[in-house]
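The next block holds one structure in the form of C-alpha cells; read it before the comments.
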Amino acid sequence: MYNQKSFELGSNRSCIRELFEYGCRRAAEVGRENVYDYSLGNPSVPAPAGVDQAIRDILADTSSVAIHGYTSAVGDLATRQAIADDLNDRYNTGVKPENLFITCGAAPGLTAVFRSLATENAELLAVAPFFPEYRPFAEGAGLKFRVVPADIPDFQIKLDALEAMLSENTAAIILNSPNNPSGVVYTRETLQKLAALLLRKAEQFGHPIYIVADEPYRELTYGGVETPFLPNIYPNTIVCYSYSKSLSLPGERIGYVYVPEAAADSKQLYAAIAGSSRVAGHVCAPSLLQKVIARCAKLRPDLEAYDRNRRTLYDALTSYGYEMAKPDGAFYLFIKAPGGDSQAFSDKAKEKDLLVVPGTDFGCPGYFRICYCVTPEMIEKSLPVFKALIEE
C-alpha cells in the first residue's frame with residue numbers, strides 16, 4: 001500500500017525538471033553545445049569570493065566537531081543576528097534574532113508556513129503567474145489552493161479579481177517579487193493598494209489575512225528598480241528567503257523564515273512554524289552553511305552577466321516579434337507563445353533542441369518561460385532558432 005497522492009506527485013514530475021532531465025539526456029547524444037537549455041533557474045554566476053573564502057576559513061580555523069555538529073533547531077544565534085543586522089541596515093525594520101527561523105532553503109520554509117496556516121477550510125491565494133511548486137506545497141499542507149488570474153500583459157496584481165476571491169476562508173496570499181516566471185517586480189503602489197485591501201477585508205472577516213512573501217530573488221534587480229520590503233508596507237507578512245540565488249548557493253539549501261513582531265499572533269505563529277518544521281523532520285539547517293551566512297549575510301551578487309543576458313534576449317526577441325513584459329528582476333523572461341498554445345510551442349522548440357518551459361503550470365497557458373542564467377555563447381547560438389520558430 002502507498003499514498004496515491006504522493007505516487008502521483010512522484011510519477012508526474014515538475015515540467016521544469018522534466019525538461020532539464022531531457023536536456024541532459026539530449027546533451028549526451030548531440031553535445032552540450034548543441035542543446036539550448038533555458039529550463040532550469042540554476043545560477044550561472046559564481047558565488048561571491050567572500051563565500052568561498054569564508055568556507056575555507058571556517059574549515060581551517062574550526063574543529064570538525066564544531067563545524068558539523070547540531071545547532072539550535074531555530075538556527076545558530078550568530079547566524080540569526082547577522083541576518084537581523086543586515087535586514088535592519090537595509091530596511092530599518094526592527095528584526096530581532098528571535099524573529100528568524102533558519103531553514104534548508106526557502107521550500108521547507110514555505111511548507112512550514114503553509115502547514116502552520118492550515119486551519120479547517122483555509123485557503124491560499126496565488127497570483128498568476130506563480131512558481132508551480134506552490135500548489136503541491138499548499139495542498140500537501142492541507143490548504144485549498146486558488147489562483148488569481150494574471151494581470152496580462154503587465155503582470156502586476158489584478159486587485160479587483162483578487163478582491164472577488166477573498167473570503168472568510170482566506171488564510172493568506174503568496175507573493176513572489178521579483179517574480180518567477182515573469183521577472184516583474186511588484187511596484188510599491190501595487191503593494192500599498194493590496195495592503196489597504198487586505199486590512200479592510202481582514203476587519204470585515206474578523207481575522208488576519210497574511211501575505212507569504214517568497215523572496216529568493218530580492219537582490220536580483222536591474223536599473224535601480226526598487227523591491228519594497230513587504231513587512232514595512234503590510235505588517236501581517238511572513239517572509240520566506242533563500243540564499244540560493246543571491247549567493248549562488250542553490251545546492252547548499254540555506255534560508256530563513258522571518259515573522260515580524262508586528263504581525264498578528266506573531267509568537268504563536270512562529271511557534272506553529274517551528275512545530276510544522278518539526279513534523280516535517282527538521283532538525284537544524286546545515287551547520288557549515290549557517291556559519292558561512294553568519295559571515296556573508298551582507299554580501300551581494302554581481303549582476304552584470306545576468307543583466308547583459310537579459311538585455312540581449314529581450315532586445316533580440318522583441319525585434320523578432322515576441323511579446324513579453326520587460327523583466328526588472330530575477331533571471332527569467334515570460335513570453336507570449338506564438339499561436340497562443342505554449343505547450344505546442346515548447347514541443348516545436350524541443351524538436352530544434354531549444355528547451356523552453358510551457359506556462360500552464362505557472363497559471364498562464366498562453367506564455368512560456370526561459371531562464372537567462374546561461375552562457376552568452378548559448379544565447380547567441382540559440383537566437384536563430386527563436387527567429388526561425390516565430391517565422392514559421
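Residue names in the C-alpha cells use chain letters A, B, ... in the order shown, residue numbers from 1 in each chain, and ligand numbers from 1 in the order shown.
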Original post:
If we count only C-alpha atoms, what is near stretch 217-221 of chain A at a cut-off of 10 Å, once residues fewer than 2 positions away on the same chain are taken out, given as a PyMOL selection string?
Top reply: chain A and resi 176-180+183-185+214-215+223-229+241-247+300-303+306-307+327-331
Original post:
If we count only C-alpha atoms, what is near A:Glu323 at a cut-off of 8 Å, once residues fewer than 2 positions away on the same chain are taken out, given as a PyMOL selection string?
Top reply: chain A and resi 317-318+321+325+335-336
Grab the residues selected above and save them as a JSON list (two decimals), in the first residue's frame with C-alpha atoms.
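And here's out_39.json as it stands now:
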```
[["chain", "number", "residue", "atom", "x", "y", "z"],
["A", 317, "LEU", "CA", 13.28, 38.51, -29.16],
["A", 318, "THR", "CA", 11.13, 41.63, -29.23],
["A", 321, "GLY", "CA", 8.07, 39.89, -32.81],
["A", 325, "ALA", "CA", 6.63, 42.23, -20.02],
["A", 335, "ILE", "CA", 6.96, 35.28, -23.34],
["A", 336, "LYS", "CA", 3.64, 35.14, -25.15]]
```
**OP:** Could you tell me which of A:Ala73, A:Cys371, A:Ile58, A:Ile173 comes closest to A:Val113 if we count only C-alpha atoms?
**Re:** A:Ile173
Subject >> Shell of 6 Å around A:Tyr258, only C-alpha atoms, local chain residues under 4 positions omitted, as a count of residues only >> reply: 4
Original post:
Could you pull out the helix (DSSP H, G or I) residues of stretch 76-303 of chain A from DSSP and send them as a ChimeraX atom specification?
Top reply: /A:77-91,97-99,106-117,134-141,159-165,188-205,230-232,250-252,266-279,287-296
Surrounding residues of stretch 25-36 of chain A excluding itself and chain neighbours under 6 positions, 12 Å, only C-alpha atoms, as a short mmCIF file (atom, residue, chain, number, x, y, z; two decimals) with N, CA, C and O atoms, in the first residue's frame:
```
data_model
loop_
_atom_site.label_atom_id
_atom_site.label_comp_id
_atom_site.auth_asym_id
_atom_site.auth_seq_id
_atom_site.Cartn_x
_atom_site.Cartn_y
_atom_site.Cartn_z
N GLU A 18 11.44 17.96 -15.76
CA GLU A 18 11.35 17.02 -16.88
C GLU A 18 12.14 17.53 -18.08
O GLU A 18 12.88 16.79 -18.74
N LEU A 19 11.98 18.83 -18.38
CA LEU A 19 12.72 19.40 -19.50
C LEU A 19 14.22 19.40 -19.22
O LEU A 19 15.04 19.11 -20.11
N ALA A 349 9.71 23.78 -30.30
CA ALA A 349 11.07 24.23 -29.99
C ALA A 349 11.96 23.04 -29.60
O ALA A 349 13.15 22.99 -29.98
N LYS A 350 11.38 22.10 -28.89
CA LYS A 350 12.13 20.92 -28.45
C LYS A 350 12.68 20.13 -29.63
O LYS A 350 13.78 19.55 -29.56
N GLU A 351 11.95 20.12 -30.73
CA GLU A 351 12.42 19.43 -31.94
C GLU A 351 13.70 20.05 -32.47
O GLU A 351 14.47 19.38 -33.18
N LYS A 352 13.94 21.31 -32.12
CA LYS A 352 15.14 22.01 -32.56
C LYS A 352 16.16 22.13 -31.43
O LYS A 352 17.08 22.95 -31.49
N ASP A 353 15.97 21.32 -30.37
CA ASP A 353 16.86 21.31 -29.19
C ASP A 353 16.88 22.65 -28.48
O ASP A 353 17.88 23.02 -27.85
N LEU A 354 15.78 23.38 -28.55
CA LEU A 354 15.58 24.60 -27.78
C LEU A 354 14.57 24.27 -26.68
O LEU A 354 13.42 23.93 -26.99
N LEU A 355 14.97 24.36 -25.43
CA LEU A 355 14.13 23.93 -24.33
C LEU A 355 13.57 25.13 -23.58
O LEU A 355 14.31 25.88 -22.93
N VAL A 356 12.25 25.34 -23.71
CA VAL A 356 11.54 26.42 -23.03
C VAL A 356 10.37 25.80 -22.28
O VAL A 356 9.80 24.81 -22.72
N ILE A 370 11.63 31.31 -20.17
CA ILE A 370 13.03 30.96 -20.38
C ILE A 370 13.86 31.55 -19.24
O ILE A 370 13.57 32.64 -18.75
N CYS A 371 14.87 30.80 -18.81
CA CYS A 371 15.82 31.25 -17.78
C CYS A 371 17.07 31.75 -18.48
O CYS A 371 17.67 31.01 -19.27
N TYR A 372 17.47 32.98 -18.19
CA TYR A 372 18.65 33.50 -18.87
C TYR A 372 19.91 33.48 -18.00
O TYR A 372 20.89 34.18 -18.28
N VAL A 374 22.38 31.66 -18.18
CA VAL A 374 23.08 30.74 -19.09
C VAL A 374 24.28 31.49 -19.67
O VAL A 374 24.50 32.67 -19.39
N THR A 375 25.06 30.81 -20.50
CA THR A 375 26.23 31.46 -21.08
C THR A 375 25.83 32.36 -22.25
O THR A 375 24.87 32.06 -22.98
N PRO A 376 26.54 33.46 -22.44
CA PRO A 376 26.26 34.32 -23.60
C PRO A 376 26.41 33.56 -24.92
O PRO A 376 25.69 33.83 -25.89
N GLU A 377 27.33 32.60 -24.95
CA GLU A 377 27.55 31.83 -26.17
C GLU A 377 26.30 31.02 -26.54
O GLU A 377 25.94 30.92 -27.71
N MET A 378 25.65 30.44 -25.53
CA MET A 378 24.44 29.67 -25.81
C MET A 378 23.34 30.58 -26.33
O MET A 378 22.60 30.22 -27.25
N ILE A 379 23.24 31.77 -25.75
CA ILE A 379 22.22 32.72 -26.22
C ILE A 379 22.43 33.05 -27.69
O ILE A 379 21.50 32.98 -28.50
N GLU A 380 23.66 33.39 -28.04
CA GLU A 380 23.95 33.78 -29.42
C GLU A 380 23.64 32.64 -30.39
O GLU A 380 23.08 32.85 -31.47
N LYS A 381 23.97 31.40 -30.01
CA LYS A 381 23.71 30.27 -30.90
C LYS A 381 22.22 29.96 -31.01
O LYS A 381 21.75 29.43 -32.03
N SER A 382 21.45 30.28 -29.96
CA SER A 382 20.03 29.94 -29.95
C SER A 382 19.16 30.97 -30.65
O SER A 382 18.04 30.66 -31.05
N LEU A 383 19.64 32.19 -30.80
CA LEU A 383 18.79 33.26 -31.36
C LEU A 383 18.25 32.92 -32.75
O LEU A 383 17.06 33.17 -33.02
N PRO A 384 19.03 32.34 -33.66
CA PRO A 384 18.45 31.97 -34.96
C PRO A 384 17.31 30.97 -34.84
O PRO A 384 16.40 30.99 -35.67
N VAL A 385 17.36 30.12 -33.82
CA VAL A 385 16.28 29.15 -33.63
C VAL A 385 15.00 29.88 -33.20
O VAL A 385 13.91 29.60 -33.71
N PHE A 386 15.13 30.80 -32.26
CA PHE A 386 13.97 31.62 -31.85
C PHE A 386 13.38 32.33 -33.07
O PHE A 386 12.15 32.38 -33.25
#
```
